>>> print(open('run.cif').read())   # mmCIF, C-alpha atoms
data_work
#
loop_
_atom_site.label_atom_id
_atom_site.label_comp_id
_atom_site.auth_asym_id
_atom_site.auth_seq_id
_atom_site.Cartn_x
_atom_site.Cartn_y
_atom_site.Cartn_z
CA MET A 46 0.00 0.00 0.00
CA LYS A 47 2.83 2.35 0.91
CA LYS A 48 4.58 1.50 -2.35
CA CYS A 49 1.39 2.17 -4.31
CA MET A 50 1.02 5.56 -2.66
CA MET A 51 4.59 6.49 -3.47
CA ALA A 52 4.14 5.39 -7.10
CA LEU A 53 0.98 7.50 -7.36
CA VAL A 54 2.73 10.55 -5.92
CA LEU A 55 5.62 10.06 -8.38
CA VAL A 56 3.24 9.78 -11.34
CA ALA A 57 1.40 12.90 -10.20
CA LEU A 58 4.69 14.79 -9.88
CA VAL A 59 5.89 13.75 -13.34
CA ALA A 60 2.51 14.58 -14.90
CA GLY A 61 2.57 17.98 -13.19
CA CYS A 62 5.90 18.84 -14.85
CA ARG A 63 4.67 18.27 -18.37
CA THR A 64 3.88 21.31 -20.53
CA PRO A 65 0.39 20.97 -21.93
CA THR A 66 0.15 21.46 -25.69
CA ARG A 67 -1.25 24.80 -26.73
CA VAL A 68 -1.53 26.82 -29.92
CA VAL A 69 0.70 29.89 -30.26
CA TYR A 70 -1.62 32.55 -31.61
CA PRO A 71 -0.59 34.83 -34.48
CA GLY A 72 1.02 37.95 -33.05
CA GLU A 73 1.90 36.17 -29.81
CA HIS A 74 5.56 36.10 -28.85
CA THR A 75 7.22 32.71 -29.18
CA GLN A 76 9.80 31.47 -26.70
CA PRO A 77 13.46 32.10 -27.58
CA THR A 78 15.16 29.16 -29.30
CA VAL A 79 18.81 28.21 -29.61
CA GLY A 80 18.24 27.12 -33.19
CA LEU A 81 16.51 29.06 -35.91
CA GLY A 82 12.90 29.64 -34.97
CA ASN A 83 9.96 31.22 -36.75
CA ALA A 84 10.55 34.62 -35.12
CA ASP A 85 14.17 34.64 -36.37
CA VAL A 86 13.23 33.82 -39.95
CA LYS A 87 10.44 36.40 -39.96
CA ARG A 88 12.80 39.01 -38.54
CA ALA A 89 15.43 38.28 -41.19
CA ALA A 90 12.82 38.33 -43.98
CA SER A 91 11.43 41.61 -42.66
CA GLU A 92 14.81 43.34 -42.59
CA MET A 93 15.75 42.05 -46.05
CA LEU A 94 12.47 43.09 -47.63
CA GLN A 95 12.69 46.57 -46.12
CA SER A 96 16.20 46.92 -47.50
CA LEU A 97 14.92 45.94 -50.96
CA TYR A 98 11.92 48.30 -50.79
CA ARG A 99 14.10 51.17 -49.57
CA SER A 100 16.65 50.66 -52.36
CA GLY A 101 14.14 51.67 -55.04
CA ARG A 102 15.26 48.72 -57.19
CA LEU A 103 11.70 47.46 -57.60
CA ASP A 104 10.50 50.73 -59.17
CA ARG A 105 10.65 49.90 -62.86
CA GLY A 106 8.69 52.87 -64.17
CA ASP A 107 7.34 51.20 -67.33
CA GLY A 108 4.53 49.30 -65.59
CA GLN A 109 6.10 45.94 -66.43
CA MET A 110 6.85 43.34 -63.77
CA TYR A 111 10.15 41.63 -63.07
CA VAL A 112 10.17 37.86 -63.58
CA MET A 113 12.03 36.20 -60.75
CA THR A 114 13.29 32.66 -60.34
CA VAL A 115 14.27 31.09 -57.03
CA GLY A 116 17.90 29.98 -57.11
CA LYS A 117 19.75 27.99 -54.49
CA VAL A 118 19.70 29.14 -50.86
CA LYS A 119 22.35 27.10 -49.09
CA ASN A 120 21.86 26.05 -45.49
CA ASP A 121 25.38 26.29 -44.06
CA THR A 122 24.28 25.87 -40.45
CA GLN A 123 24.51 22.86 -38.14
CA GLN A 124 20.75 22.51 -38.21
CA ARG A 125 18.25 20.87 -40.43
CA PHE A 126 16.43 23.91 -41.79
CA ASP A 127 14.39 24.20 -44.97
CA THR A 128 15.47 27.42 -46.65
CA ASP A 129 12.18 27.56 -48.55
CA ILE A 130 10.67 28.97 -45.35
CA LEU A 131 12.79 32.10 -45.83
CA THR A 132 12.41 32.37 -49.62
CA SER A 133 8.68 31.80 -49.35
CA TYR A 134 8.28 34.85 -47.06
CA ILE A 135 10.32 36.92 -49.53
CA THR A 136 8.67 35.79 -52.79
CA GLN A 137 5.16 35.98 -51.32
CA GLU A 138 5.73 39.61 -50.34
CA LEU A 139 7.33 40.49 -53.66
CA MET A 140 4.36 39.07 -55.55
CA ASN A 141 1.95 40.97 -53.26
CA SER A 142 3.85 44.18 -54.11
CA GLY A 143 2.62 43.84 -57.71
CA LYS A 144 6.11 44.51 -59.01
CA VAL A 145 7.41 40.96 -59.30
CA VAL A 146 6.07 37.70 -60.69
CA VAL A 147 7.80 34.45 -59.71
CA THR A 148 8.23 31.75 -62.33
CA SER A 149 7.70 28.07 -61.51
CA ALA A 150 8.96 27.00 -64.94
CA MET A 151 12.59 27.36 -63.89
CA ALA A 152 14.11 27.08 -60.39
CA ALA A 153 17.16 25.61 -58.72
CA GLY A 154 15.22 23.29 -56.44
CA ALA A 155 12.63 20.78 -57.58
CA ASP A 156 10.27 22.04 -54.87
CA ASN A 157 10.08 25.42 -56.57
CA ARG A 158 9.46 23.95 -60.04
CA ASP A 159 6.02 22.88 -61.18
CA GLU A 160 6.22 19.65 -63.18
CA MET A 161 2.73 20.28 -64.52
CA ILE A 162 4.02 23.13 -66.65
CA ASP A 163 5.92 20.64 -68.83
CA ALA A 164 3.23 17.99 -68.42
CA ALA A 165 0.70 20.37 -69.98
CA ARG A 166 3.02 20.65 -73.01
CA SER A 167 3.45 16.93 -73.36
CA VAL A 168 -0.11 16.62 -74.69
CA ARG A 169 0.53 18.62 -77.84
CA ASN A 170 -1.11 16.80 -80.75
CA ASP A 171 -2.94 14.49 -78.32
CA PRO A 172 -6.50 14.22 -79.73
CA GLU A 173 -7.81 13.73 -76.17
CA PHE A 174 -7.06 17.40 -75.47
CA ASN A 175 -8.55 20.48 -77.10
CA GLN A 176 -5.38 21.79 -78.77
CA ALA A 177 -6.51 25.42 -78.51
CA THR A 178 -6.10 25.06 -74.73
CA VAL A 179 -2.64 23.45 -74.86
CA PRO A 180 0.35 25.81 -74.32
CA GLN A 181 2.15 26.46 -77.57
CA LEU A 182 5.83 26.90 -78.37
CA GLY A 183 7.41 30.13 -77.19
CA GLN A 184 4.89 30.96 -74.47
CA LYS A 185 7.10 30.52 -71.42
CA VAL A 186 8.77 33.71 -70.19
CA ALA A 187 12.42 33.59 -69.14
CA PRO A 188 13.34 35.10 -65.77
CA THR A 189 14.82 38.57 -65.64
CA HIS A 190 16.14 38.09 -62.10
CA SER A 191 17.29 35.30 -59.81
CA ILE A 192 17.24 35.25 -56.00
CA TYR A 193 19.74 33.08 -54.14
CA GLY A 194 21.84 33.09 -50.99
CA LYS A 195 23.15 31.36 -47.94
CA ILE A 196 22.53 31.01 -44.21
CA ILE A 197 25.71 30.77 -42.15
CA GLN A 198 26.19 29.75 -38.52
CA GLN A 199 29.23 30.54 -36.41
CA VAL A 200 29.66 29.63 -32.73
CA PRO A 201 32.50 31.54 -31.04
CA ARG A 202 33.15 30.88 -27.34
CA LEU A 203 32.81 33.73 -24.87
CA ASP A 204 35.31 34.41 -22.08
CA ASN A 205 33.00 32.85 -19.49
CA GLY A 206 32.67 29.64 -21.55
CA ASP A 207 29.19 30.38 -22.91
CA GLN A 208 28.48 30.05 -26.61
CA GLN A 209 27.54 32.92 -28.88
CA ILE A 210 25.54 31.59 -31.80
CA GLU A 211 25.72 33.87 -34.82
CA TYR A 212 23.39 33.41 -37.77
CA TYR A 213 24.03 35.33 -40.98
CA PHE A 214 21.27 35.47 -43.57
CA GLN A 215 22.64 36.48 -46.96
CA LEU A 216 20.41 37.02 -49.98
CA ARG A 217 21.31 38.34 -53.41
CA ILE A 218 19.31 39.14 -56.52
CA ASP A 219 21.09 38.99 -59.88
CA ASP A 220 20.13 40.50 -63.22
CA VAL A 221 20.01 37.30 -65.31
CA LYS A 222 20.73 39.09 -68.61
CA THR A 223 23.89 40.89 -67.55
CA GLY A 224 24.95 38.70 -64.63
CA PHE A 225 25.31 41.80 -62.48
CA GLN A 226 24.41 41.68 -58.84
CA TRP A 227 21.31 43.83 -58.57
CA TRP A 228 20.68 43.83 -54.81
CA GLN A 229 22.12 42.13 -51.75
CA ASN A 230 21.57 42.13 -48.02
CA GLN A 231 23.02 40.46 -44.96
CA THR A 232 21.05 40.25 -41.73
CA GLU A 233 22.53 38.94 -38.49
CA ILE A 234 20.79 37.28 -35.57
CA ILE A 235 22.94 36.61 -32.50
CA LYS A 236 22.07 34.49 -29.47
CA ILE A 237 23.94 33.49 -26.31
CA THR A 238 23.51 30.20 -24.49
CA ASP A 239 25.46 28.10 -22.01
CA ALA A 240 28.29 25.83 -23.09
CA ALA A 241 26.35 22.61 -22.62
CA THR A 242 23.43 23.42 -24.92
CA PRO A 243 23.76 21.74 -28.33
CA THR A 244 23.45 24.20 -31.19
CA TRP A 245 21.97 21.83 -33.75
CA MET B 108 2.12 104.68 -7.45
CA LYS B 109 5.12 103.32 -5.52
CA MET B 110 3.04 100.30 -4.53
CA ASN B 111 2.03 99.70 -8.10
CA ARG B 112 5.64 99.74 -9.18
CA LYS B 113 6.53 97.06 -6.59
CA SER B 114 3.63 94.93 -7.71
CA PHE B 115 4.70 95.26 -11.29
CA LEU B 116 8.28 94.20 -10.46
CA ALA B 117 7.04 91.20 -8.46
CA ALA B 118 4.79 90.17 -11.33
CA ALA B 119 7.64 90.49 -13.81
CA LEU B 120 9.91 88.40 -11.57
CA ALA B 121 7.24 85.71 -11.18
CA GLY B 122 6.82 85.63 -14.93
CA LEU B 123 10.54 85.21 -15.48
CA VAL B 124 10.79 82.37 -12.94
CA ALA B 125 7.78 80.60 -14.42
CA GLY B 126 9.31 80.90 -17.87
CA CYS B 127 12.42 79.09 -16.69
CA ILE B 128 10.59 76.05 -15.34
CA SER B 129 10.61 73.21 -17.87
CA TYR B 130 8.05 70.45 -17.63
CA HIS B 131 9.50 67.01 -18.45
CA THR B 132 6.59 65.72 -20.45
CA PRO B 133 6.82 63.11 -23.21
CA PRO B 134 6.26 64.31 -26.77
CA MET B 135 3.04 62.85 -28.16
CA ASP B 136 2.44 61.67 -31.71
CA ARG B 137 -0.91 60.15 -32.68
CA ARG B 138 0.92 57.45 -34.66
CA VAL B 139 2.88 56.20 -31.64
CA THR B 140 1.63 53.83 -28.94
CA ILE B 141 3.87 53.05 -25.98
CA ALA B 142 2.62 50.05 -23.98
CA PRO B 143 1.82 50.71 -20.30
CA ASP B 144 4.44 48.13 -19.25
CA LEU B 145 7.15 50.59 -20.31
CA GLY B 146 5.63 53.45 -18.32
CA THR B 147 7.74 56.57 -18.84
CA ALA B 148 10.95 54.57 -19.28
CA VAL B 149 10.87 55.21 -22.99
CA TRP B 150 9.83 58.10 -25.20
CA VAL B 151 9.46 58.14 -28.96
CA THR B 152 10.51 61.43 -30.51
CA ASP B 153 11.17 62.99 -33.94
CA VAL B 154 8.68 60.81 -35.79
CA ARG B 155 8.98 61.41 -39.52
CA LEU B 156 7.67 59.93 -42.75
CA MET B 157 9.64 60.42 -45.95
CA LYS B 158 10.43 58.99 -49.36
CA GLY B 159 13.98 58.37 -50.50
CA PRO B 160 14.91 56.95 -53.90
CA SER B 161 12.02 54.51 -53.62
CA SER B 162 8.26 54.76 -54.15
CA HIS B 163 7.87 53.18 -50.69
CA PHE B 164 7.57 55.45 -47.66
CA THR B 165 10.08 55.11 -44.82
CA MET B 166 9.27 56.16 -41.26
CA GLN B 167 11.94 57.27 -38.84
CA ALA B 168 11.77 57.79 -35.09
CA ASN B 169 14.06 58.11 -32.12
CA VAL B 170 13.50 55.83 -29.14
CA VAL B 171 14.78 57.56 -26.00
CA ASN B 172 15.66 55.56 -22.89
CA ASN B 173 14.94 57.81 -19.89
CA THR B 174 16.31 55.36 -17.34
CA SER B 175 19.80 54.66 -16.00
CA GLY B 176 19.62 50.98 -17.03
CA VAL B 177 19.33 49.01 -20.26
CA VAL B 178 15.76 48.75 -21.57
CA ARG B 179 14.92 45.75 -23.74
CA MET B 180 11.82 46.18 -25.82
CA ASP B 181 9.99 45.06 -28.96
CA TYR B 182 8.60 47.36 -31.62
CA ARG B 183 6.53 46.97 -34.74
CA VAL B 184 5.30 49.27 -37.47
CA GLU B 185 1.93 48.65 -39.04
CA TRP B 186 1.28 50.24 -42.43
CA MET B 187 -2.02 51.52 -43.77
CA ASP B 188 -3.31 52.61 -47.16
CA ALA B 189 -5.16 55.88 -47.85
CA THR B 190 -8.45 54.42 -46.57
CA GLY B 191 -6.83 53.41 -43.26
CA THR B 192 -6.87 49.71 -44.08
CA VAL B 193 -3.94 47.80 -42.63
CA ILE B 194 -1.64 46.22 -45.22
CA PRO B 195 -0.65 42.81 -43.85
CA SER B 196 3.05 42.12 -44.27
CA VAL B 197 5.96 40.24 -42.75
CA VAL B 198 7.71 43.62 -42.36
CA SER B 199 5.22 44.39 -39.57
CA THR B 200 6.49 41.63 -37.26
CA TRP B 201 7.78 42.50 -33.78
CA GLN B 202 11.46 43.41 -33.76
CA PRO B 203 13.63 43.33 -30.62
CA ILE B 204 15.73 46.30 -29.63
CA ALA B 205 17.84 47.23 -26.60
CA ALA B 206 18.59 50.79 -25.54
CA ALA B 207 21.53 51.50 -23.24
CA ALA B 208 21.10 53.87 -20.30
CA ARG B 209 19.98 57.34 -21.47
CA ALA B 210 20.58 56.30 -25.07
CA VAL B 211 18.74 57.57 -28.12
CA ILE B 212 18.18 54.84 -30.73
CA PRO B 213 17.18 55.92 -34.23
CA LEU B 214 14.85 53.45 -35.95
CA GLN B 215 13.70 53.14 -39.54
CA ALA B 216 10.97 51.04 -41.11
CA THR B 217 9.96 50.89 -44.76
CA ALA B 218 6.45 50.32 -46.09
CA PRO B 219 5.69 47.05 -47.89
CA ALA B 220 3.81 48.74 -50.75
CA PRO B 221 3.67 52.16 -52.44
CA GLU B 222 0.00 52.33 -51.41
CA ALA B 223 1.06 52.48 -47.74
CA VAL B 224 0.80 56.17 -46.78
CA ASP B 225 0.34 56.06 -43.01
CA PHE B 226 1.63 53.95 -40.14
CA ARG B 227 1.29 53.09 -36.48
CA PHE B 228 4.37 52.56 -34.32
CA TYR B 229 3.99 50.24 -31.33
CA VAL B 230 6.59 49.64 -28.63
CA GLN B 231 6.37 47.39 -25.57
CA ALA B 232 8.68 45.82 -22.98
CA ALA B 233 10.48 42.72 -24.25
CA ARG B 234 8.42 39.59 -23.71
#
>>> encode(input="run.cif", output="structure tokens")
Amino acid sequence: MKKCMMALVLVALVAGCRTPTRVVYPGEHTQPTVGLGNADVKRAASEMLQSLYRSGRLDRGDGQMYVMTVGKVKNDTQQRFDTDILTSYITQELMNSGKVVVTSAMAAGADNRDEMIDAARSVRNDPEFNQATVPQLGQKVAPTHSIYGKIIQQVPRLDNGDQQIEYYFQLRIDDVKTGFQWWQNQTEIIKITDAATPTW
Amino acid sequence: MKMNRKSFLAAALAGLVAGCISYHTPPMDRRVTIAPDLGTAVWVTDVRLMKGPSSHFTMQANVVNNTSGVVRMDYRVEWMDATGTVIPSVVSTWQPIAAAARAVIPLQATAPAPEAVDFRFYVQAAR
């Protein structure tokens, strides 16, 4: 009986320590993370977009839109992180600005290419399809600009033995025709944690 | 007449003294909201809206730390079109900032669209 009581108390104690699952509401502050969290990516995207808007590069003047392709964004950190989370924030905003259209016909990563674009062309001369609705030769539009970059992580030790985790978000946009770099930005996010915390 | 002269001098002196007293009141701008959790620790001054080489507006403001310690806070800028409708954007996410004792921190934020012509600046203690 005594043993049972002790077991029950232990179970109750362990259960009491568990964090109940809850939804983090939009606009609510998330807890700080050692690794890259949603707040970090949003902050980096925000600073990069503001830099691009402020530069005046998007103001074309002739009413035409830039055609952008998503190049490679390298994850050079110790963490498993899908860089599409960052590029998605950027391209979504650029499309909402009405100044940029993003092509899915050409992209560095398969996830940013739409296989259906070529599939729709593979039915040329197929009597099952109304040929007036099938894309014809020369209808794809080549990109005018390409966005690509890198996320870097560095972990220098502090004098007291703690770790300083430095994340560098680098994005560049190139003019595809000339090969010139058209815009670039680097945003840093720096965190400090104790020596024992793994940074991956 | 002599009495009147004395009264006049006293009144002039009182006026001079009153003119020298400065009231330490925070500057108010209808576009700025400072959360109650910051109290009077922080002021937001010199709020401006301008256009540089871009068709997008940029706002600029100084965040003044009135205390003798570091103040950690978060700020965000929400942009609105001519009708007052908020333009949702990732640029309006909360950004952390720390101000050293008695420091003045200049901040800039750029609108996500050329249609954004007005803004609201929010600042609160770091969560």
>>> interface_residues(input="run.cif", of="chain A", to="chain B", cutoff="10 Å", atoms="only C-alpha atoms", output="MDAnalysis selection string")
chainID A and resid 72:77 84:85 87:104 134:135 137:139 141:144
>>> write_last_selection(input="run.cif", atoms="C-alpha atoms", output="CSV table (one decimal), in the frame of the given file")
chain,number,residue,atom,x,y,z
A,72,GLY,CA,1.0,38.0,-33.0
A,73,GLU,CA,1.9,36.2,-29.8
A,74,HIS,CA,5.6,36.1,-28.8
A,75,THR,CA,7.2,32.7,-29.2
A,76,GLN,CA,9.8,31.5,-26.7
A,77,PRO,CA,13.5,32.1,-27.6
A,84,ALA,CA,10.6,34.6,-35.1
A,85,ASP,CA,14.2,34.6,-36.4
A,87,LYS,CA,10.4,36.4,-40.0
A,88,ARG,CA,12.8,39.0,-38.5
A,89,ALA,CA,15.4,38.3,-41.2
A,90,ALA,CA,12.8,38.3,-44.0
A,91,SER,CA,11.4,41.6,-42.7
A,92,GLU,CA,14.8,43.3,-42.6
A,93,MET,CA,15.8,42.0,-46.0
A,94,LEU,CA,12.5,43.1,-47.6
A,95,GLN,CA,12.7,46.6,-46.1
A,96,SER,CA,16.2,46.9,-47.5
A,97,LEU,CA,14.9,45.9,-51.0
A,98,TYR,CA,11.9,48.3,-50.8
A,99,ARG,CA,14.1,51.2,-49.6
A,100,SER,CA,16.6,50.7,-52.4
A,101,GLY,CA,14.1,51.7,-55.0
A,102,ARG,CA,15.3,48.7,-57.2
A,103,LEU,CA,11.7,47.5,-57.6
A,104,ASP,CA,10.5,50.7,-59.2
A,134,TYR,CA,8.3,34.8,-47.1
A,135,ILE,CA,10.3,36.9,-49.5
A,137,GLN,CA,5.2,36.0,-51.3
A,138,GLU,CA,5.7,39.6,-50.3
A,139,LEU,CA,7.3,40.5,-53.7
A,141,ASN,CA,2.0,41.0,-53.3
A,142,SER,CA,3.8,44.2,-54.1
A,143,GLY,CA,2.6,43.8,-57.7
A,144,LYS,CA,6.1,44.5,-59.0
>>> atom_distance(input="run.cif", atom1="CA of Arg227 in chain B", atom2="CA of Thr192 in chain B")
11.7 Å
>>> closest_residue(input="run.cif", among="B:Phe226, B:Gln167, B:Ala142, B:Thr174", to="Thr190 in chain B", atoms="only C-alpha atoms")
B:Phe226
>>> closest_residue(input="run.cif", among="A:Gly194, A:Pro201, A:Pro243, A:Gly224", to="Asn120 in chain A", atoms="only C-alpha atoms")
A:Gly194
>>> residues_around(input="run.cif", residues="range 206-211 of chain B", least_positions_apart="6", cutoff="10 Å", atoms="all atoms listed in the file", output="count of residues only")
18
>>> residues_around(input="run.cif", residues="Ser149 in chain A", least_positions_apart="4", cutoff="12 Å", atoms="only C-alpha atoms", output="ChimeraX atom specification")
/A:112-116,136,153-163,185-188
>>> write_last_selection(input="run.cif", atoms="C-alpha atoms", output="mmCIF file, keeping the file's coordinate frame")
data_model
loop_
_atom_site.group_PDB
_atom_site.id
_atom_site.type_symbol
_atom_site.label_atom_id
_atom_site.label_comp_id
_atom_site.auth_asym_id
_atom_site.auth_seq_id
_atom_site.Cartn_x
_atom_site.Cartn_y
_atom_site.Cartn_z
ATOM 1 C CA VAL A 112 10.170 37.860 -63.580
ATOM 2 C CA MET A 113 12.030 36.200 -60.750
ATOM 3 C CA THR A 114 13.290 32.660 -60.340
ATOM 4 C CA VAL A 115 14.270 31.090 -57.030
ATOM 5 C CA GLY A 116 17.900 29.980 -57.110
ATOM 6 C CA THR A 136 8.670 35.790 -52.790
ATOM 7 C CA ALA A 153 17.160 25.610 -58.720
ATOM 8 C CA GLY A 154 15.220 23.290 -56.440
ATOM 9 C CA ALA A 155 12.630 20.780 -57.580
ATOM 10 C CA ASP A 156 10.270 22.040 -54.870
ATOM 11 C CA ASN A 157 10.080 25.420 -56.570
ATOM 12 C CA ARG A 158 9.460 23.950 -60.040
ATOM 13 C CA ASP A 159 6.020 22.880 -61.180
ATOM 14 C CA GLU A 160 6.220 19.650 -63.180
ATOM 15 C CA MET A 161 2.730 20.280 -64.520
ATOM 16 C CA ILE A 162 4.020 23.130 -66.650
ATOM 17 C CA ASP A 163 5.920 20.640 -68.830
ATOM 18 C CA LYS A 185 7.100 30.520 -71.420
ATOM 19 C CA VAL A 186 8.770 33.710 -70.190
ATOM 20 C CA ALA A 187 12.420 33.590 -69.140
ATOM 21 C CA PRO A 188 13.340 35.100 -65.770
#
>>> atom_distance(input="run.cif", atom1="CA of Lys117 in chain A", atom2="CA of Ser133 in chain A")
12.8 Å
>>> atom_distance(input="run.cif", atom1="CA of Ser191 in chain A", atom2="CA of Gln124 in chain A")
25.3 Å
>>> resolve_selection(input="run.cif", expression="the PyMOL selection byres ((chain B and resi 139) around 6)", output="list in words")
Asp136, Arg137, Arg138, Thr140, Arg227 and Phe228 of chain B
>>> axis_aligned_box(input="run.cif", around="range 180-185 of chain B", padding_each_side="5 Å", output="AutoDock Vina command-line options")
--center_x 6.9 --center_y 47.2 --center_z -32.4 --size_x 19.9 --size_y 14.2 --size_z 23.2
>>> build_atoms(input="run.cif", residues="range 173-181 of chain B", atoms="all heavy atoms", output="mmCIF file, keeping the file's coordinate frame")
data_model
loop_
_atom_site.group_PDB
_atom_site.id
_atom_site.type_symbol
_atom_site.label_atom_id
_atom_site.label_comp_id
_atom_site.auth_asym_id
_atom_site.auth_seq_id
_atom_site.Cartn_x
_atom_site.Cartn_y
_atom_site.Cartn_z
ATOM 1 N N ASN B 173 14.856 56.812 -20.969
ATOM 2 C CA ASN B 173 14.940 57.810 -19.890
ATOM 3 C C ASN B 173 15.542 57.254 -18.606
ATOM 4 O O ASN B 173 15.675 57.979 -17.628
ATOM 5 C CB ASN B 173 13.534 58.321 -19.550
ATOM 6 C CG ASN B 173 12.964 59.113 -20.693
ATOM 7 O OD1 ASN B 173 13.628 59.976 -21.236
ATOM 8 N ND2 ASN B 173 11.738 58.800 -21.079
ATOM 9 N N THR B 174 15.866 55.976 -18.587
ATOM 10 C CA THR B 174 16.310 55.360 -17.340
ATOM 11 C C THR B 174 17.842 55.227 -17.309
ATOM 12 O O THR B 174 18.513 55.435 -18.321
ATOM 13 C CB THR B 174 15.698 53.947 -17.178
ATOM 14 O OG1 THR B 174 16.334 53.074 -18.117
ATOM 15 C CG2 THR B 174 14.213 53.947 -17.423
ATOM 16 N N SER B 175 18.348 54.831 -16.144
ATOM 17 C CA SER B 175 19.800 54.660 -16.000
ATOM 18 C C SER B 175 20.202 53.200 -16.203
ATOM 19 O O SER B 175 21.314 52.808 -15.861
ATOM 20 C CB SER B 175 20.252 55.161 -14.639
ATOM 21 O OG SER B 175 19.463 54.545 -13.654
ATOM 22 N N GLY B 176 19.305 52.391 -16.742
ATOM 23 C CA GLY B 176 19.620 50.980 -17.030
ATOM 24 C C GLY B 176 19.259 50.643 -18.465
ATOM 25 O O GLY B 176 18.627 51.441 -19.166
ATOM 26 N N VAL B 177 19.653 49.454 -18.894
ATOM 27 C CA VAL B 177 19.330 49.010 -20.260
ATOM 28 C C VAL B 177 17.832 48.676 -20.317
ATOM 29 O O VAL B 177 17.294 48.050 -19.398
ATOM 30 C CB VAL B 177 20.160 47.761 -20.625
ATOM 31 C CG1 VAL B 177 19.765 47.226 -21.995
ATOM 32 C CG2 VAL B 177 21.647 48.085 -20.585
ATOM 33 N N VAL B 178 17.173 49.099 -21.374
ATOM 34 C CA VAL B 178 15.760 48.750 -21.570
ATOM 35 C C VAL B 178 15.652 47.876 -22.810
ATOM 36 O O VAL B 178 16.061 48.279 -23.898
ATOM 37 C CB VAL B 178 14.866 50.007 -21.721
ATOM 38 C CG1 VAL B 178 13.425 49.604 -22.029
ATOM 39 C CG2 VAL B 178 14.919 50.854 -20.467
ATOM 40 N N ARG B 179 15.143 46.658 -22.606
ATOM 41 C CA ARG B 179 14.920 45.750 -23.740
ATOM 42 C C ARG B 179 13.448 45.828 -24.115
ATOM 43 O O ARG B 179 12.580 45.734 -23.242
ATOM 44 C CB ARG B 179 15.312 44.328 -23.368
ATOM 45 C CG ARG B 179 16.806 44.167 -23.226
ATOM 46 C CD ARG B 179 17.239 42.731 -22.967
ATOM 47 N NE ARG B 179 18.690 42.669 -22.912
ATOM 48 C CZ ARG B 179 19.418 42.993 -21.837
ATOM 49 N NH1 ARG B 179 18.817 43.383 -20.745
ATOM 50 N NH2 ARG B 179 20.737 42.921 -21.882
ATOM 51 N N MET B 180 13.214 46.014 -25.392
ATOM 52 C CA MET B 180 11.820 46.180 -25.820
ATOM 53 C C MET B 180 11.619 45.583 -27.213
ATOM 54 O O MET B 180 12.574 45.213 -27.883
ATOM 55 C CB MET B 180 11.426 47.654 -25.789
ATOM 56 C CG MET B 180 12.310 48.543 -26.605
ATOM 57 S SD MET B 180 12.268 50.239 -26.022
ATOM 58 C CE MET B 180 13.996 50.634 -25.974
ATOM 59 N N ASP B 181 10.365 45.501 -27.612
ATOM 60 C CA ASP B 181 9.990 45.060 -28.960
ATOM 61 C C ASP B 181 9.194 46.185 -29.610
ATOM 62 O O ASP B 181 8.422 46.854 -28.933
ATOM 63 C CB ASP B 181 9.107 43.808 -28.900
ATOM 64 C CG ASP B 181 9.835 42.622 -28.296
ATOM 65 O OD1 ASP B 181 11.007 42.417 -28.641
ATOM 66 O OD2 ASP B 181 9.228 41.903 -27.490
#
